[in-house]
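Heads up, the thing below is written out as structure tokens.
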Amino acid sequence: MKQLSYPSIAQFQELVQLKDYRPSTQREYIRHLCKLAEHFECDPAKLTEKQMRQYFLFLRQQKLYKAALMKTAKFALRSFFVQCLGRTDWTVFQEVRVAHKQTLPVVLSVQEVTTLLKAVRQSRFSTCLSLMYHCGLRISEAVSLRIPDLRGQHTPPMIHVRDGKRGKDRFVPIAPEMMQQLRRWWCTHRNPTFLFPSTWRRYADRALPINQIMAKATMPMSISSVQGAFRLARKASRVNSASTSHSLRHSYATHLLEQGVSLLQISQYLGHDSIETTAIYTHLTAISEAKAQAALAKLYQPFPL
């Protein structure tokens, strides 16, 4: 969106940089402040608390902001008014409550995952989506993997996930067969940096084969291209129409739980801050439910008199 030139916005840009927020967070915070300035057509530093209440009602009732977006808007504007401008006496940010709906994620069966992955047409997408499932990676983590992040010589083989959600690093185990698939894929382009390089062509390179384009790429392939490939494969395979590429990560966690991997280990593999976040997968596995029913039946055995 168009960057506005109000002094307070420039002041806020300095603040978010001093706080060392992640680049994506900095952009979102500035974006929400610019939208506020556009709405009232003035420097946001001149707004009153009453106007902020009106704005939050506008976002909720007119713009129909969902919970995640409303939460980001609240945090961004609270940071501006409270931390940047010192409006510590304002209560509006405590009054704005963002309730999250507790919905269960979509999980595909092992057969559904297999069917969907077989329907992916291009090898760069099938390899990336396979890796997301076999290692429980977020799509952003998968596309940004670099060659040194593959630790095939370790026992067991590992992947180093760098700068994940909230800037956290973690190591995730990977099956040797999946590591071999990644090596075969890399041999098709041999980009010195990225496992999944971009296929974007400059006009001067329009006649080059795609493997040469990838070999020269200085950026990873886009998230949107992988999401598009997933949607096409989902339609072709006719698996759960509510599933998204993130469902592969949910499926990974659920299937590991069904195989007896501890909840704590799965939480570490997924990079969750709390094991409570991972515990949602206990509600999604039929095997765990069957074990619980068997345990309850055993507990119900009549005691000897």
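Within each chain, counting starts at residue 1; across the structure tokens, chains are named A, B, ... in the order shown, with ligands numbered 1 upward in that order.
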Could you name the residues that touch A:Glu141 at 8 Å or less, counting only C-alpha atoms, but leaving out those on the same chain fewer than 4 positions away, as an mmCIF file with N, CA and C atoms, in the first residue's frame?
```cif
data_model
loop_
_atom_site.group_PDB
_atom_site.id
_atom_site.type_symbol
_atom_site.label_atom_id
_atom_site.label_comp_id
_atom_site.auth_asym_id
_atom_site.auth_seq_id
_atom_site.Cartn_x
_atom_site.Cartn_y
_atom_site.Cartn_z
ATOM 1 N N LEU A 137 6.954 -29.501 8.085
ATOM 2 C CA LEU A 137 7.419 -28.130 7.907
ATOM 3 C C LEU A 137 6.281 -27.201 7.508
ATOM 4 N N LEU A 145 14.617 -23.471 2.564
ATOM 5 C CA LEU A 145 15.724 -24.346 2.959
ATOM 6 C C LEU A 145 16.945 -24.117 2.072
ATOM 7 N N VAL A 161 16.093 -26.339 10.512
ATOM 8 C CA VAL A 161 15.089 -25.341 10.157
ATOM 9 C C VAL A 161 15.498 -24.023 10.795
ATOM 10 N N ARG A 162 15.844 -23.057 9.960
ATOM 11 C CA ARG A 162 16.332 -21.770 10.456
ATOM 12 C C ARG A 162 15.224 -20.713 10.418
ATOM 13 N N GLY A 164 12.426 -20.084 11.957
ATOM 14 C CA GLY A 164 11.029 -20.493 11.852
ATOM 15 C C GLY A 164 10.118 -19.459 12.484
#
```
For this session: Would you mind telling me which residue in A:Tyr281, A:Tyr55, A:Trp200, A:Phe125 lies nearest to A:Leu182 when using only C-alpha atoms?
Result: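 Looking only at the distances to A:Leu182, the closest residue turns out to be A:Phe125.
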Exercise. Tell me, which residues of stretch 129-249 of chain A carry DSSP helix (DSSP H, G or I), written as a PyMOL selection string?
Worked result: chain A and resi 129-135+139-143+147-149+165-167+176-186+203-205+210-216+223-237+247-249
Include C-alpha atoms and write out the residues we just selected as a compact mmCIF listing (two decimals), in the first residue's frame.
```
# COMPACT_ATOMS: atom_id res chain seq x y z
CA LEU A 129 5.12 -30.94 -0.58
CA SER A 130 6.52 -34.39 0.24
CA LEU A 131 9.13 -32.77 2.46
CA MET A 132 6.47 -30.68 4.20
CA TYR A 133 4.57 -33.85 5.06
CA HIS A 134 7.55 -36.03 6.01
CA CYS A 135 9.10 -33.37 8.28
CA ILE A 139 5.46 -23.90 3.74
CA SER A 140 7.72 -20.89 4.38
CA GLU A 141 10.25 -23.14 6.12
CA ALA A 142 10.29 -25.62 3.24
CA VAL A 143 10.81 -23.18 0.36
CA ILE A 147 21.81 -26.66 1.02
CA PRO A 148 23.81 -26.49 4.30
CA ASP A 149 20.56 -27.07 6.20
CA LYS A 165 7.99 -18.96 13.46
CA ARG A 166 8.98 -16.27 15.99
CA GLY A 167 12.56 -16.56 14.71
CA PRO A 176 17.02 -41.49 4.73
CA GLU A 177 14.72 -42.17 1.76
CA MET A 178 13.40 -38.60 1.89
CA MET A 179 16.96 -37.31 2.08
CA GLN A 180 17.80 -39.31 -1.04
CA GLN A 181 14.80 -37.77 -2.82
CA LEU A 182 16.07 -34.31 -1.90
CA ARG A 183 19.52 -35.15 -3.23
CA ARG A 184 18.07 -36.39 -6.52
CA TRP A 185 16.03 -33.21 -6.81
CA TRP A 186 19.03 -30.97 -6.12
CA TYR A 203 13.83 -11.37 -20.32
CA ALA A 204 17.44 -12.01 -21.32
CA ASP A 205 17.20 -15.59 -20.00
CA ILE A 210 14.33 -24.24 -16.54
CA ASN A 211 17.14 -26.18 -14.82
CA GLN A 212 19.63 -23.49 -15.86
CA ILE A 213 17.25 -20.80 -14.61
CA MET A 214 17.11 -22.54 -11.23
CA ALA A 215 20.88 -23.00 -11.13
CA LYS A 216 21.34 -19.22 -11.41
CA ILE A 223 5.05 -19.74 -1.38
CA SER A 224 2.09 -18.96 -3.65
CA SER A 225 3.38 -21.29 -6.38
CA VAL A 226 3.50 -24.22 -3.94
CA GLN A 227 0.03 -23.37 -2.64
CA GLY A 228 -1.25 -23.30 -6.22
CA ALA A 229 0.30 -26.69 -6.94
CA PHE A 230 -1.39 -28.12 -3.85
CA ARG A 231 -4.80 -26.81 -4.90
CA LEU A 232 -4.44 -28.32 -8.38
CA ALA A 233 -3.40 -31.69 -6.92
CA ARG A 234 -6.24 -31.59 -4.40
CA LYS A 235 -8.74 -31.03 -7.19
CA ALA A 236 -7.23 -33.74 -9.37
CA SER A 237 -7.04 -36.30 -6.56
CA SER A 247 -2.87 -29.82 6.38
CA LEU A 248 0.27 -31.79 5.50
CA ARG A 249 1.87 -30.51 8.71
```
Exercise. Could you name the residues that touch A:Leu59 at 12 Å or less, counting only C-alpha atoms, but leaving out those on the same chain fewer than 3 positions away, as number ranges by chain?
Worked result: A: 32, 35-36, 39, 52-56, 62-67, 69-74, 96
Selected residues written out with C-alpha atoms, as a PDB file, in the first residue's frame:
```pdb
ATOM      1  CA  HIS A  32      -1.959  -1.173   9.973  1.00  0.00           C
ATOM      2  CA  LYS A  35      -4.554   2.126   7.111  1.00  0.00           C
ATOM      3  CA  LEU A  36      -5.590   3.974  10.275  1.00  0.00           C
ATOM      4  CA  HIS A  39      -9.264   6.000   7.342  1.00  0.00           C
ATOM      5  CA  MET A  52      -9.812   4.536  18.239  1.00  0.00           C
ATOM      6  CA  ARG A  53     -12.864   2.845  19.743  1.00  0.00           C
ATOM      7  CA  GLN A  54     -14.824   3.831  16.637  1.00  0.00           C
ATOM      8  CA  TYR A  55     -12.055   2.447  14.428  1.00  0.00           C
ATOM      9  CA  PHE A  56     -11.970  -0.934  16.134  1.00  0.00           C
ATOM     10  CA  GLN A  62     -17.723  -3.098   8.621  1.00  0.00           C
ATOM     11  CA  LYS A  63     -14.476  -4.720   7.526  1.00  0.00           C
ATOM     12  CA  LEU A  64     -15.402  -8.009   9.264  1.00  0.00           C
ATOM     13  CA  TYR A  65     -11.859  -8.647  10.453  1.00  0.00           C
ATOM     14  CA  LYS A  66     -11.285 -12.194  11.604  1.00  0.00           C
ATOM     15  CA  ALA A  67      -9.508 -12.972  14.867  1.00  0.00           C
ATOM     16  CA  LEU A  69      -6.112  -9.911  11.619  1.00  0.00           C
ATOM     17  CA  MET A  70      -7.921  -8.134  14.446  1.00  0.00           C
ATOM     18  CA  LYS A  71      -5.240  -9.281  16.871  1.00  0.00           C
ATOM     19  CA  THR A  72      -2.443  -7.949  14.660  1.00  0.00           C
ATOM     20  CA  ALA A  73      -4.238  -4.611  14.237  1.00  0.00           C
ATOM     21  CA  LYS A  74      -4.719  -4.340  17.998  1.00  0.00           C
ATOM     22  CA  VAL A  96     -10.784  -4.826  22.633  1.00  0.00           C
TER      23      VAL A  96
END
```
Problem set entry | Nearest residue to A:Ala242 from the set A:His272, A:Leu108, A:Leu284, A:Leu208 (distances using only C-alpha atoms) |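 For A:Ala242, the nearest of the candidates is A:Leu108.
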Exercise. Residues of stretch 38-232 of chain A in strand (DSSP E) according to DSSP, as a list in words?
Worked result: Leu150, Arg151, Met158, Ile159, His160, Val161, Arg170, Phe171, Val172 and Pro173 of chain A
Exercise. Could you name the residues that touch A:Gln94 at 12 Å or less, counting only C-alpha atoms, but leaving out those on the same chain fewer than 4 positions away, as a VMD selection string?
Worked result: chain A and resid 53 71 74 to 75 78 82 88 to 90 98
